[in-house]
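Raw contents of upload.cif, mmCIF, C-alpha atoms:
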```
data_data
loop_
_atom_site.label_atom_id
_atom_site.label_comp_id
_atom_site.auth_asym_id
_atom_site.auth_seq_id
_atom_site.Cartn_x
_atom_site.Cartn_y
_atom_site.Cartn_z
CA MET A 1 0.00 0.00 0.00
CA GLY A 2 2.80 2.39 0.95
CA VAL A 3 4.62 1.58 -2.29
CA LEU A 4 1.50 2.21 -4.40
CA TYR A 5 0.83 5.52 -2.65
CA THR A 6 4.44 6.65 -3.08
CA LEU A 7 4.42 5.70 -6.78
CA PHE A 8 1.17 7.60 -7.31
CA TYR A 9 2.56 10.58 -5.37
CA ALA A 10 5.74 10.45 -7.47
CA VAL A 11 3.77 10.50 -10.74
CA LEU A 12 1.84 13.60 -9.67
CA PHE A 13 4.83 15.18 -7.95
CA PRO A 14 6.27 17.22 -10.89
CA PHE A 15 2.88 18.81 -11.62
CA TYR A 16 2.16 19.37 -7.92
CA THR A 17 5.60 20.94 -7.34
CA ALA A 18 5.29 23.24 -10.36
CA VAL A 19 1.86 24.49 -9.29
CA PHE A 20 3.02 24.89 -5.68
CA TYR A 21 6.10 26.87 -6.79
CA ILE A 22 4.08 29.20 -9.04
CA LEU A 23 1.38 29.87 -6.43
CA THR A 24 3.80 30.55 -3.58
CA LYS A 25 5.82 32.96 -5.72
CA LYS A 26 2.64 34.66 -6.92
CA ASN A 27 1.56 35.23 -3.30
CA GLY A 28 4.97 36.62 -2.37
CA TYR A 29 6.28 33.64 -0.36
CA SER A 30 9.35 31.45 -0.68
CA SER A 31 8.68 27.91 -1.91
CA ASP A 32 11.41 26.58 0.45
CA LEU A 33 12.22 23.70 -1.89
CA ASN A 34 15.56 23.13 -0.15
CA GLU A 35 13.74 22.46 3.12
CA ARG A 36 11.04 20.35 1.50
CA PHE A 37 13.81 18.18 0.04
CA VAL A 38 15.62 18.26 3.45
CA LEU A 39 18.76 19.76 1.88
CA TYR A 40 20.25 20.95 5.14
CA SER A 41 22.01 19.73 8.26
CA ASP A 42 21.22 20.60 11.86
CA LYS A 43 21.64 19.30 15.38
CA VAL A 44 19.04 19.41 18.15
CA ASP A 45 19.00 17.19 21.24
CA ASN A 46 16.04 16.12 23.38
CA ALA A 47 13.43 17.41 20.94
CA LEU A 48 9.69 17.08 20.38
CA TRP A 49 8.40 17.47 16.83
CA PHE A 50 5.08 19.29 16.27
CA HIS A 51 3.52 19.37 12.81
CA CYS A 52 0.99 22.15 12.21
CA ALA A 53 -0.45 22.75 8.75
CA SER A 54 -0.82 26.52 9.02
CA VAL A 55 -1.83 29.46 11.21
CA GLY A 56 -4.94 27.89 12.76
CA GLU A 57 -3.13 24.73 13.86
CA LEU A 58 -0.22 26.77 15.22
CA ASN A 59 -2.57 28.83 17.40
CA LEU A 60 -4.38 25.68 18.49
CA SER A 61 -1.13 23.98 19.53
CA LYS A 62 0.40 26.96 21.31
CA PRO A 63 -0.58 26.00 24.89
CA LEU A 64 0.92 22.53 24.41
CA ILE A 65 4.04 23.76 22.61
CA ASP A 66 4.67 26.38 25.29
CA THR A 67 4.19 23.75 28.01
CA TYR A 68 6.62 21.25 26.48
CA SER A 69 9.19 23.91 25.57
CA LYS A 70 10.10 24.01 29.28
CA LYS A 71 11.42 20.44 29.09
CA TYR A 72 12.19 19.79 25.41
CA LYS A 73 13.66 21.54 22.42
CA ILE A 74 10.82 22.20 19.99
CA ILE A 75 10.84 21.48 16.27
CA ILE A 76 7.86 22.73 14.28
CA THR A 77 7.07 21.81 10.69
CA VAL A 78 4.42 23.64 8.69
CA SER A 79 2.74 22.96 5.35
CA SER A 80 2.05 26.51 4.23
CA PRO A 81 4.58 29.33 3.58
CA ARG A 82 2.27 31.74 5.40
CA GLY A 83 2.27 29.38 8.37
CA LYS A 84 6.05 29.26 8.46
CA GLU A 85 6.38 33.04 8.71
CA TYR A 86 3.77 33.08 11.47
CA ALA A 87 5.38 30.19 13.38
CA LYS A 88 8.72 31.99 13.53
CA LYS A 89 7.05 34.99 15.15
CA LEU A 90 4.86 32.94 17.50
CA PHE A 91 7.61 30.52 18.63
CA PRO A 92 10.96 32.36 18.52
CA TYR A 93 12.52 29.62 20.66
CA ALA A 94 11.66 26.80 18.21
CA VAL A 95 13.30 25.37 15.11
CA VAL A 96 10.76 26.02 12.33
CA ARG A 97 10.96 24.09 9.04
CA SER A 98 8.75 23.50 6.03
CA VAL A 99 7.50 19.91 6.18
CA PRO A 100 9.36 17.54 3.84
CA PHE A 101 7.63 16.33 0.70
CA ASP A 102 5.82 13.08 1.52
CA PHE A 103 8.45 10.61 0.33
CA PRO A 104 9.70 7.92 2.76
CA PHE A 105 13.40 8.74 2.27
CA LEU A 106 12.79 12.45 3.02
CA ILE A 107 10.80 11.71 6.19
CA LYS A 108 13.55 9.31 7.30
CA LYS A 109 16.24 11.90 6.57
CA PHE A 110 14.37 14.45 8.69
CA LEU A 111 14.12 11.94 11.55
CA ASP A 112 17.84 11.16 11.29
CA ILE A 113 18.73 14.85 11.54
CA TYR A 114 16.59 15.74 14.55
CA ARG A 115 15.93 12.40 16.31
CA PRO A 116 12.77 13.71 18.05
CA LYS A 117 11.20 11.84 20.99
CA ALA A 118 7.76 11.95 19.35
CA LEU A 119 5.79 13.54 16.53
CA ILE A 120 2.65 15.43 17.55
CA ILE A 121 0.29 16.29 14.67
CA ALA A 122 -2.44 18.92 15.00
CA GLU A 123 -5.95 18.16 13.73
CA GLY A 124 -6.54 16.64 10.29
CA GLU A 125 -3.10 16.34 8.67
CA LEU A 126 -3.05 12.76 7.37
CA TRP A 127 0.01 12.54 5.12
CA PHE A 128 0.60 8.83 4.58
CA ASN A 129 4.42 8.61 4.75
CA LEU A 130 4.77 11.38 7.33
CA ILE A 131 2.71 9.26 9.72
CA THR A 132 3.50 5.65 8.75
CA VAL A 133 7.27 6.11 8.30
CA SER A 134 7.64 8.18 11.46
CA SER A 135 5.62 5.63 13.46
CA LYS A 136 8.29 2.97 12.80
CA HIS A 137 10.82 5.04 14.73
CA ILE A 138 8.95 7.23 17.24
CA PRO A 139 5.44 7.55 18.73
CA VAL A 140 3.11 9.59 16.52
CA ILE A 141 0.31 11.38 18.38
CA SER A 142 -2.72 13.15 16.90
CA ILE A 143 -4.06 16.10 18.91
CA ASN A 144 -7.48 17.71 18.59
CA ALA A 145 -8.23 14.95 16.10
CA ARG A 146 -11.33 15.44 14.00
CA ILE A 147 -13.17 13.87 11.08
CA SER A 148 -15.99 15.89 9.60
CA PRO A 149 -18.99 13.99 8.20
CA LYS A 150 -17.88 14.98 4.69
CA SER A 151 -14.33 13.68 5.27
CA PHE A 152 -15.67 10.51 6.87
CA GLU A 153 -17.64 9.66 3.72
CA ARG A 154 -14.53 10.28 1.64
CA TYR A 155 -12.35 8.09 3.87
CA ARG A 156 -14.88 5.25 3.71
CA LYS A 157 -14.37 4.95 -0.04
CA ILE A 158 -10.79 3.75 0.51
CA PRO A 159 -10.93 2.38 4.09
CA PHE A 160 -7.80 0.20 3.78
CA PHE A 161 -5.73 3.34 3.09
CA TYR A 162 -7.03 5.31 6.07
CA ARG A 163 -6.96 2.30 8.39
CA LYS A 164 -3.23 2.13 7.77
CA ILE A 165 -2.84 5.81 8.64
CA PHE A 166 -5.04 5.82 11.76
CA ASN A 167 -3.54 2.61 13.12
CA SER A 168 -0.05 4.08 12.77
CA PHE A 169 -0.84 6.60 15.51
CA LYS A 170 0.32 5.58 18.96
CA LEU A 171 -2.38 7.82 20.42
CA ILE A 172 -5.27 9.83 18.99
CA ILE A 173 -6.70 12.54 21.25
CA ALA A 174 -10.05 13.63 19.84
CA ARG A 175 -11.93 16.87 20.31
CA SER A 176 -15.50 15.46 20.51
CA LYS A 177 -17.57 12.31 20.95
CA SER A 178 -18.72 12.38 17.33
CA ASP A 179 -15.08 12.53 16.16
CA ILE A 180 -14.26 9.54 18.39
CA ARG A 181 -17.13 7.55 16.89
CA ARG A 182 -15.93 8.23 13.34
CA ILE A 183 -12.26 7.58 14.15
CA ASN A 184 -13.09 4.25 15.82
CA LYS A 185 -14.49 2.97 12.52
CA PHE A 186 -10.90 2.83 11.23
CA LEU A 187 -9.09 1.56 14.34
CA HIS A 188 -8.18 -2.05 15.11
CA TYR A 189 -7.81 -1.13 18.81
CA ARG A 190 -10.23 1.50 20.04
CA SER A 191 -8.14 2.14 23.13
CA ARG A 192 -5.79 4.17 20.90
CA ALA A 193 -8.39 6.94 20.66
CA VAL A 194 -9.30 8.99 23.74
CA LEU A 195 -11.48 12.03 24.33
CA CYS A 196 -10.10 15.16 25.99
CA GLY A 197 -12.12 17.90 24.31
CA ASP A 198 -11.43 20.78 21.97
CA LEU A 199 -8.08 22.50 22.57
CA LYS A 200 -9.62 25.68 21.23
CA PHE A 201 -11.28 26.13 24.64
CA ILE A 202 -7.81 26.99 25.97
CA SER A 203 -5.87 28.16 22.88
CA SER A 204 -8.61 30.61 21.94
CA LYS A 205 -8.10 32.53 25.20
CA ILE A 206 -4.61 33.45 24.04
CA SER A 207 -4.74 36.68 22.08
CA LYS A 208 -2.29 39.35 21.10
CA ASN A 209 -2.53 42.56 23.10
CA VAL A 210 -4.01 45.08 20.66
CA GLU A 211 -4.70 48.74 21.38
CA PHE A 212 -7.80 50.17 19.72
CA THR A 213 -9.97 53.18 20.51
CA LYS A 214 -13.69 52.61 20.04
CA LYS A 215 -15.80 55.57 18.99
CA GLY A 216 -19.12 53.82 19.47
CA ARG A 217 -20.44 50.30 19.17
CA LEU A 218 -18.34 47.82 17.23
CA LEU A 219 -19.24 44.97 14.90
CA ILE A 220 -16.36 42.65 13.95
CA ALA A 221 -16.61 40.35 10.94
CA GLY A 222 -13.76 37.87 11.33
CA SER A 223 -12.29 35.22 9.00
CA THR A 224 -14.55 36.17 6.11
CA HIS A 225 -14.66 34.63 2.63
CA ALA A 226 -16.34 35.74 -0.59
CA PRO A 227 -19.26 36.59 -0.77
CA GLU A 228 -19.42 37.29 2.98
CA GLU A 229 -17.76 40.71 2.74
CA LYS A 230 -20.48 41.88 0.36
CA ILE A 231 -23.17 40.55 2.72
CA ILE A 232 -21.56 42.19 5.75
CA LEU A 233 -21.34 45.54 3.95
CA ASN A 234 -25.08 45.36 3.23
CA VAL A 235 -25.74 44.44 6.87
CA PHE A 236 -23.50 47.26 8.11
CA LYS A 237 -25.25 49.82 5.87
CA ASN A 238 -28.66 48.69 7.22
CA LEU A 239 -27.56 48.72 10.87
CA LYS A 240 -25.72 52.03 10.54
CA ALA A 241 -29.10 53.67 9.88
CA LYS A 242 -30.35 52.29 13.23
CA HIS A 243 -27.08 52.76 15.15
CA PRO A 244 -25.23 55.82 13.78
CA ASP A 245 -22.26 55.24 16.11
CA LEU A 246 -21.62 51.71 14.76
CA GLN A 247 -18.14 50.86 13.48
CA LEU A 248 -17.09 47.80 11.47
CA ILE A 249 -13.85 45.83 11.62
CA LEU A 250 -13.48 43.53 8.64
CA ALA A 251 -10.89 40.73 8.73
CA PRO A 252 -10.74 38.53 5.60
CA ARG A 253 -9.59 34.97 6.29
CA HIS A 254 -6.87 35.22 3.63
CA THR A 255 -4.86 38.43 3.47
CA GLU A 256 -4.12 37.73 -0.21
CA ARG A 257 -7.73 38.84 -0.89
CA ILE A 258 -7.29 42.33 0.58
CA ASN A 259 -7.29 44.09 -2.82
CA GLU A 260 -10.47 42.23 -3.78
CA VAL A 261 -12.13 43.37 -0.54
CA ILE A 262 -10.96 46.96 -1.01
CA LYS A 263 -12.61 47.03 -4.44
CA LEU A 264 -15.92 45.98 -2.84
CA LEU A 265 -15.68 48.80 -0.30
CA GLU A 266 -14.87 51.36 -2.95
CA GLN A 267 -17.74 50.19 -5.17
CA ALA A 268 -20.10 50.46 -2.17
CA GLY A 269 -18.84 53.96 -1.39
CA PHE A 270 -17.39 53.21 2.06
CA SER A 271 -14.30 54.88 3.46
CA TYR A 272 -11.79 52.50 5.02
CA SER A 273 -8.43 52.23 6.76
CA LEU A 274 -5.89 49.40 6.77
CA ARG A 275 -4.41 48.02 9.97
CA SER A 276 -0.99 47.81 8.30
CA LYS A 277 -1.13 51.58 7.62
CA THR A 278 -2.62 52.99 10.83
CA ASP A 279 -3.58 51.98 14.38
CA LYS A 280 -5.87 55.02 14.74
CA PRO A 281 -8.52 54.72 12.03
CA GLU A 282 -10.70 57.71 11.26
CA THR A 283 -13.08 55.72 9.05
CA ASP A 284 -16.22 53.68 9.68
CA ILE A 285 -14.55 50.50 8.36
CA TYR A 286 -11.18 49.18 9.53
CA ILE A 287 -9.61 46.31 7.57
CA ILE A 288 -7.33 43.88 9.39
CA ASP A 289 -4.71 42.99 6.78
CA THR A 290 -2.17 41.64 9.29
CA LEU A 291 -1.68 38.13 10.67
CA GLY A 292 -2.39 36.98 14.22
CA GLU A 293 -4.13 40.12 15.51
CA LEU A 294 -7.83 39.41 14.97
CA SER A 295 -8.39 37.71 18.34
CA GLY A 296 -6.84 40.74 20.05
CA PHE A 297 -9.56 42.96 18.61
CA TYR A 298 -12.44 40.79 19.85
CA LYS A 299 -12.28 42.26 23.36
CA TYR A 300 -13.50 45.57 21.91
CA ALA A 301 -16.44 44.07 19.99
CA ASP A 302 -20.11 44.40 20.85
CA VAL A 303 -21.08 41.68 18.37
CA VAL A 304 -18.95 39.30 16.29
CA PHE A 305 -19.76 37.61 13.00
CA VAL A 306 -17.52 34.63 12.25
CA GLY A 307 -17.02 33.83 8.58
CA GLY A 308 -16.92 30.66 6.57
CA THR A 309 -20.55 30.20 7.59
CA PHE A 310 -22.38 32.09 4.84
CA ALA A 311 -19.76 30.89 2.37
CA SER A 312 -20.02 27.09 2.35
CA VAL A 313 -16.64 26.62 4.06
CA GLY A 314 -17.94 25.08 7.28
CA GLY A 315 -17.01 27.77 9.79
CA HIS A 316 -14.00 29.04 11.72
CA ASN A 317 -13.08 29.41 15.38
CA ILE A 318 -15.92 31.03 17.34
CA LEU A 319 -14.30 30.50 20.72
CA GLU A 320 -11.81 33.35 20.34
CA ALA A 321 -14.77 35.71 20.68
CA VAL A 322 -16.97 33.66 23.04
CA LEU A 323 -14.16 33.23 25.59
CA GLN A 324 -13.86 37.02 25.70
CA ASN A 325 -17.57 37.23 26.59
CA LYS A 326 -18.66 38.39 23.15
CA PRO A 327 -21.84 37.21 21.40
CA VAL A 328 -21.28 35.48 18.06
CA VAL A 329 -23.55 35.26 15.04
CA ILE A 330 -22.87 32.70 12.29
CA GLY A 331 -24.53 31.49 9.11
CA LYS A 332 -25.98 28.07 8.34
CA TYR A 333 -22.75 26.46 7.08
CA TYR A 334 -21.03 25.41 10.28
CA ASP A 335 -20.35 21.68 9.91
CA LYS A 336 -16.63 22.07 10.78
CA ILE A 337 -17.50 23.64 14.14
CA LYS A 338 -20.79 21.82 14.71
CA ASP A 339 -19.79 20.22 18.03
CA VAL A 340 -18.73 23.53 19.57
CA VAL A 341 -21.78 25.36 18.21
CA GLU A 342 -24.17 22.74 19.59
CA GLU A 343 -22.43 22.88 22.97
CA LEU A 344 -22.78 26.66 23.14
CA LEU A 345 -26.25 27.16 21.64
CA PRO A 346 -28.09 26.38 24.91
CA GLU A 347 -25.91 28.98 26.64
CA GLY A 348 -27.25 31.66 24.31
CA VAL A 349 -23.77 32.81 23.30
CA VAL A 350 -24.15 31.82 19.64
CA LYS A 351 -26.90 32.81 17.21
CA ILE A 352 -27.49 31.24 13.78
CA ALA A 353 -28.77 33.34 10.88
CA LYS A 354 -30.01 31.53 7.79
CA ASP A 355 -29.84 34.55 5.48
CA GLU A 356 -28.91 38.21 5.30
CA LYS A 357 -32.27 39.34 6.71
CA GLU A 358 -31.86 37.12 9.80
CA LEU A 359 -28.26 38.29 10.17
CA ILE A 360 -29.43 41.89 10.42
CA LYS A 361 -32.12 40.89 12.93
CA GLU A 362 -29.76 38.89 15.19
CA ILE A 363 -27.00 41.51 15.21
CA ASN A 364 -29.48 44.32 15.81
CA GLY A 365 -31.02 42.39 18.72
CA LEU A 366 -27.63 41.86 20.34
CA LEU A 367 -26.65 45.50 19.88
CA LYS A 368 -29.87 46.52 21.64
CA SER A 369 -29.59 43.99 24.46
CA GLY A 370 -25.94 44.62 25.24
CA GLY A 371 -24.73 41.08 24.49
CA ILE A 372 -24.11 38.10 26.79
CA LYS A 373 -21.75 36.84 29.44
CA ALA A 374 -19.88 33.53 29.43
CA ASP A 375 -17.08 31.91 31.41
CA PHE A 376 -15.37 28.78 30.09
CA GLY A 377 -11.99 29.35 31.72
CA LYS A 378 -11.99 26.24 33.95
CA LYS A 379 -13.17 24.03 31.11
CA GLY A 380 -10.17 25.07 29.01
CA LYS A 381 -7.69 24.30 31.79
CA ASP A 382 -9.20 20.85 32.37
CA ILE A 383 -8.94 20.04 28.66
CA LEU A 384 -5.29 21.14 28.48
CA ASN A 385 -4.40 19.07 31.56
CA CYS A 386 -6.05 16.03 29.97
CA TYR A 387 -3.87 16.41 26.84
CA ILE A 388 -0.71 16.84 28.87
CA HIS A 389 -1.51 13.78 31.01
CA LYS A 390 -2.16 11.55 27.97
CA ILE A 391 0.93 12.74 26.06
CA ASN A 392 3.18 12.43 29.12
CA LYS A 393 2.09 8.83 29.56
CA ILE A 394 3.25 8.00 26.01
CA LEU A 395 6.55 9.84 26.48
CA GLU A 396 7.19 8.06 29.80
CA GLU A 397 6.43 4.68 28.22
CA GLU A 398 8.92 5.36 25.42
CA HIS A 399 11.55 6.56 27.90
CA GLY A 400 11.07 3.36 29.91
CA LYS A 401 11.84 1.24 26.84
CA LYS A 402 15.25 2.86 26.39
#
```
How would this structure read if it were set down as structure tokens?
Amino acid sequence: MGVLYTLFYAVLFPFYTAVFYILTKKNGYSSDLNERFVLYSDKVDNALWFHCASVGELNLSKPLIDTYSKKYKIIITVSSPRGKEYAKKLFPYAVVRSVPFDFPFLIKKFLDIYRPKALIIAEGELWFNLITVSSKHIPVISINARISPKSFERYRKIPFFYRKIFNSFKLIIARSKSDIRRINKFLHYRSRAVLCGDLKFISSKISKNVEFTKKGRLLIAGSTHAPEEKIILNVFKNLKAKHPDLQLILAPRHTERINEVIKLLEQAGFSYSLRSKTDKPETDIYIIDTLGELSGFYKYADVVFVGGTFASVGGHNILEAVLQNKPVVIGKYYDKIKDVVEELLPEGVVKIAKDEKELIKEINGLLKSGGIKADFGKKGKDILNCYIHKINKILEEEHGKK
């Protein structure tokens, strides 16, 4: 199976590499081909290896990485160029590398260079050789493991392939009961999968300290995709008539789309300021075109809209706002965050709007009522302690073998 996968990967590799190179250059990033081919030497002792696909997984893993950095040297690999830049800023004490291309000899070369005690993979990164080759040499642990219903149906079409991947993990720590149920369908030994909860209940409390002066009430639209910016501008125009002091902070999910968003604002006749240009906006709309700052703005919000929920993306992290006691409104596409949404709905901290008209109604209602209050601090600490306990047990078992 591994041979067939590697042959298939090798056939597609030239095309994949060419497209990857062109897109990274187009977006202003380095393709880091030397690192992806492991064309370097290094020396790190007593290390733990964390693999995080991009910015979201890096933020999610931060409480664990910070905890283990007190005892181990930290190596972080990332899949995206944007993630690598962010990781270097977020973890200045760590060795940050682009993840090797998924060939067995490159994964083995990486392991030979760093000799980590374990590989800890955040969320849904299921690269076949990264996991199966590494598992022959060190424990491989999945944290905040998840399988969406859509992914589950896809995995079921080639179950033998995903069984090999899931059974190569020494430990799978899942975020929810529904994820555990889906993961167990692929495991030979169900004891390998345990439930600790969603790490976002602790990682989402960590936010950059951002200074911002409110002039009135504030609506934040975070992690937006097309056509959500257009919808939010219509909503803002409607609400501005009811609440003249209302300001809007708009934070597109991908900063590469900033020029596209600016065009929408100009066409709609709105004045705007960019975060990268000023920290004292004099306009009704403030665009966050920087990385890692959005959660720091949530403390100033009166209401938050979280994107990827009117666009059929499946939703983004709502806890960054909720854990700062801010009410959140989302659209009907929230399958990626369904477990968290369903847990919070009875608390009244999340509202679901099916269309633009309902979005206006829900936001207006929250602006009038003054929002909600929530406190999930203890829950987050309990979840983090559960992860640390489970991971430590694996590390102690491996240490006892040597």
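With only C-alpha atoms as the atoms that count, the residue of A:Ile180, A:Ile206, A:Leu60, A:Leu239 with the shortest distance to A:Leu294 is A:Ile206.
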Among listed residues A:Val349, A:Lys332, A:Ile173, A:Leu39, nearest A:Ala193 (using all atoms listed in the file): A:Ile173
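Residues within 10 Å of A:Phe105, counting all atoms listed in the file and excluding same-chain residues fewer than 3 positions away, are Phe37, Val38, Pro100, Phe101, Asp102, Lys108, Lys109, Phe110, Leu111, Asn129 and Val133 of chain A.
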Could you write those residues out with C-alpha atoms, as a tab-separated table (two decimals), in the coordinates of the input?
```
chain	number	residue	atom	x	y	z
A	37	PHE	CA	13.81	18.18	0.04
A	38	VAL	CA	15.62	18.26	3.45
A	100	PRO	CA	9.36	17.54	3.84
A	101	PHE	CA	7.63	16.33	0.70
A	102	ASP	CA	5.82	13.08	1.52
A	108	LYS	CA	13.55	9.31	7.30
A	109	LYS	CA	16.24	11.90	6.57
A	110	PHE	CA	14.37	14.45	8.69
A	111	LEU	CA	14.12	11.94	11.55
A	129	ASN	CA	4.42	8.61	4.75
A	133	VAL	CA	7.27	6.11	8.30
```
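Minimum atom-to-atom distances from A:Leu344, A:Ala53, A:Leu58, A:Leu171 to A:Lys393 were compared using all atoms listed in the file, and the lowest value belongs to A:Leu171.
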Residues within 8 Å of A:Thr290, only C-alpha atoms, excluding chain neighbours under 3 positions, as a PyMOL selection string: chain A and resi 255+275-276+293
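When only C-alpha atoms are used to compute distances to A:Ser176, the closest of the residues A:Lys338, A:Lys379, A:Lys205, A:Lys26 turns out to be A:Lys338.
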Computed interatomic separation between atom CA of A:Glu35 and atom CA of A:Tyr162 (Å): 27.1 Å
Find the residues near A:Ile258: any atom within 10 Å, counting all atoms listed in the file, skip ones fewer than 5 places away on the same chain, and give them as a short mmCIF file (atom, residue, chain, number, x, y, z; two decimals) with C-alpha atoms, in the coordinates of the input.
```cif
data_model
loop_
_atom_site.label_atom_id
_atom_site.label_comp_id
_atom_site.auth_asym_id
_atom_site.auth_seq_id
_atom_site.Cartn_x
_atom_site.Cartn_y
_atom_site.Cartn_z
CA ALA A 251 -10.89 40.73 8.73
CA PRO A 252 -10.74 38.53 5.60
CA ARG A 253 -9.59 34.97 6.29
CA LYS A 263 -12.61 47.03 -4.44
CA LEU A 264 -15.92 45.98 -2.84
CA LEU A 274 -5.89 49.40 6.77
CA ILE A 287 -9.61 46.31 7.57
CA ILE A 288 -7.33 43.88 9.39
CA ASP A 289 -4.71 42.99 6.78
#
```
